[in-house]
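Take a look at the structure below.
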Amino acid sequence: MIHIDSHSLSRPFEGPASRPRLMIWLHKLSPALFGLFIALTGIAGLVLNFGSLASATAFLAGHGVVIEEAEKDLGMVPLDDQRKDHFRLQNLSRREITILGAKSPCTCTQIMALPAKIPAGETFDFHILYRAEKSGKFIEDLKIYTDDPVDSSLTVRLVVTVAPMKSISSTKQGSRDRLSQEFKTTKRRTGRAIKPIASLVESV
């Protein structure tokens with residue numbers, strides 16, 4: 001005798017129409033996922049080509065020249081001293097670009113090695129020399145001019161703090177007074193001066 005399960009007769013037929021919804025959605029989204037994969041692959045190629053995501057983004061936006069680090073902090077510079085640094089420009093275009101010149105709002109900043117030419121896809125470092133002529137904190141915006149039709153003018157920022165001479169002298173004098181006091185204290189305790197400390201005080 002053949003036994004027929006009444007429950008099996010009530011089950012729906014499991015064919016192509018009853019595929020899981022996830023598979024159906026993946027099938028519908030496959031063209032979009034493929035397009036996203038192609039886009040990400042293209043962006044990764046641009047990043048490898050230009051060295052950074054910022055440069056790749058600038059290239060996609062149509063820029064011909066970018067500055068890798070548009071702001072430089074020279075830190076603390078003593079009065080009447082000088083400090084050198086540089087800014088790096090990258091040519092993103094397929095032609096040679098000329099850096100025509102640059103302009104500083106202060107005579108204390110000297111811009112060197114301009115004008116200059118940057119071959120296609122190459123970088124160029126233009127150097128600056130800062131002379132600390134007066135004390136205080138200063139922020140200078142330097143203008144760079146090029147023959148690129150999109151980026152004919154670029155701006156870089158220079159931040160520097162100039163320490164007055166009296167503060168430097170006061171620090172040195174404070175160290176000398178401290179060493180001298182240690183020398184006197186040691187002499188009172190031992191009845192004689194310790195030679196290394198005495199030599200150190202004399203050399204300051």
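Naming scheme: A, B, ... for chains in displayed order of the structure tokens; residues 1 onward per chain; ligands 1 onward as shown.
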Quick one: pick out all strand (DSSP E or B) residues within stretch 47-180 of chain A from a backbone DSSP run and write them as a ChimeraX atom specification.
/A:65-67,71-78,82-91,97-103,109-111,116-118,123-131,136-146,153-163
At a cut-off of 6 Å, using only C-alpha atoms, what residues contact stretch 131-147 of chain A? Leave out same-chain residues fewer than 3 positions from it and give the result as number ranges by chain.
A: 79-82, 98-104, 108, 152-164
Would you export the selected residues with C-alpha atoms as a PDB file, in the first residue's frame, please?
```
ATOM      1  CA  LEU A  79      64.758  87.685  16.398  1.00  0.00           C
ATOM      2  CA  ASP A  80      67.284  88.630  13.671  1.00  0.00           C
ATOM      3  CA  ASP A  81      67.556  84.969  12.684  1.00  0.00           C
ATOM      4  CA  GLN A  82      66.293  83.345   9.470  1.00  0.00           C
ATOM      5  CA  THR A  98      55.275  77.723 -15.982  1.00  0.00           C
ATOM      6  CA  ILE A  99      55.396  79.248 -12.500  1.00  0.00           C
ATOM      7  CA  LEU A 100      55.619  82.902 -13.476  1.00  0.00           C
ATOM      8  CA  GLY A 101      56.424  84.276 -10.051  1.00  0.00           C
ATOM      9  CA  ALA A 102      55.180  84.871  -6.536  1.00  0.00           C
ATOM     10  CA  LYS A 103      54.341  87.789  -4.286  1.00  0.00           C
ATOM     11  CA  SER A 104      54.773  88.185  -0.540  1.00  0.00           C
ATOM     12  CA  CYS A 108      60.943  89.696   5.356  1.00  0.00           C
ATOM     13  CA  SER A 152      46.451  81.065 -12.666  1.00  0.00           C
ATOM     14  CA  SER A 153      46.778  82.115  -9.015  1.00  0.00           C
ATOM     15  CA  LEU A 154      47.460  79.934  -5.970  1.00  0.00           C
ATOM     16  CA  THR A 155      47.781  80.853  -2.289  1.00  0.00           C
ATOM     17  CA  VAL A 156      50.106  79.399   0.335  1.00  0.00           C
ATOM     18  CA  ARG A 157      50.247  80.375   4.000  1.00  0.00           C
ATOM     19  CA  LEU A 158      53.268  80.891   6.218  1.00  0.00           C
ATOM     20  CA  VAL A 159      52.933  80.881  10.027  1.00  0.00           C
ATOM     21  CA  VAL A 160      55.853  81.950  12.213  1.00  0.00           C
ATOM     22  CA  THR A 161      56.436  83.090  15.781  1.00  0.00           C
ATOM     23  CA  VAL A 162      59.426  85.381  16.335  1.00  0.00           C
ATOM     24  CA  ALA A 163      60.860  85.313  19.853  1.00  0.00           C
ATOM     25  CA  PRO A 164      62.248  88.614  21.199  1.00  0.00           C
TER      26      PRO A 164
END
```
Looking only at alpha helix (DSSP H) from DSSP on the backbone, list the matching residues of stretch 56-99 of chain A as a list of chain:residue names.
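The alpha helix (DSSP H) subset of stretch 56-99 of chain A is A:Ala56, A:Thr57, A:Ala58, A:Phe59, A:Leu60.
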So, with only C-alpha atoms as the atoms that count, which of A:Leu74, A:Ala113, A:Thr123, A:Thr57 lies closest to A:Arg88?
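Looking at the shortest contact to A:Arg88, the residue is A:Thr123.
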Ranking A:Ala61, A:Gln110, A:Ser93, A:Glu69 by minimum distance to A:Glu122 and counting only C-alpha atoms, which one comes first?
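Using only C-alpha atoms, the shortest distance to A:Glu122 belongs to A:Ser93.
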What does the structure give for the distance between atom CA of A:Ala116 and atom CA of A:Arg83, in Å to one decimal?
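Spanning atom CA of A:Ala116 to atom CA of A:Arg83 is a straight-line distance of 22.2 Å.
Distance check against A:Gly62 using only C-alpha atoms: of A:Pro105, A:Met76, A:Val150, A:Asp125, the minimum falls on A:Val150.
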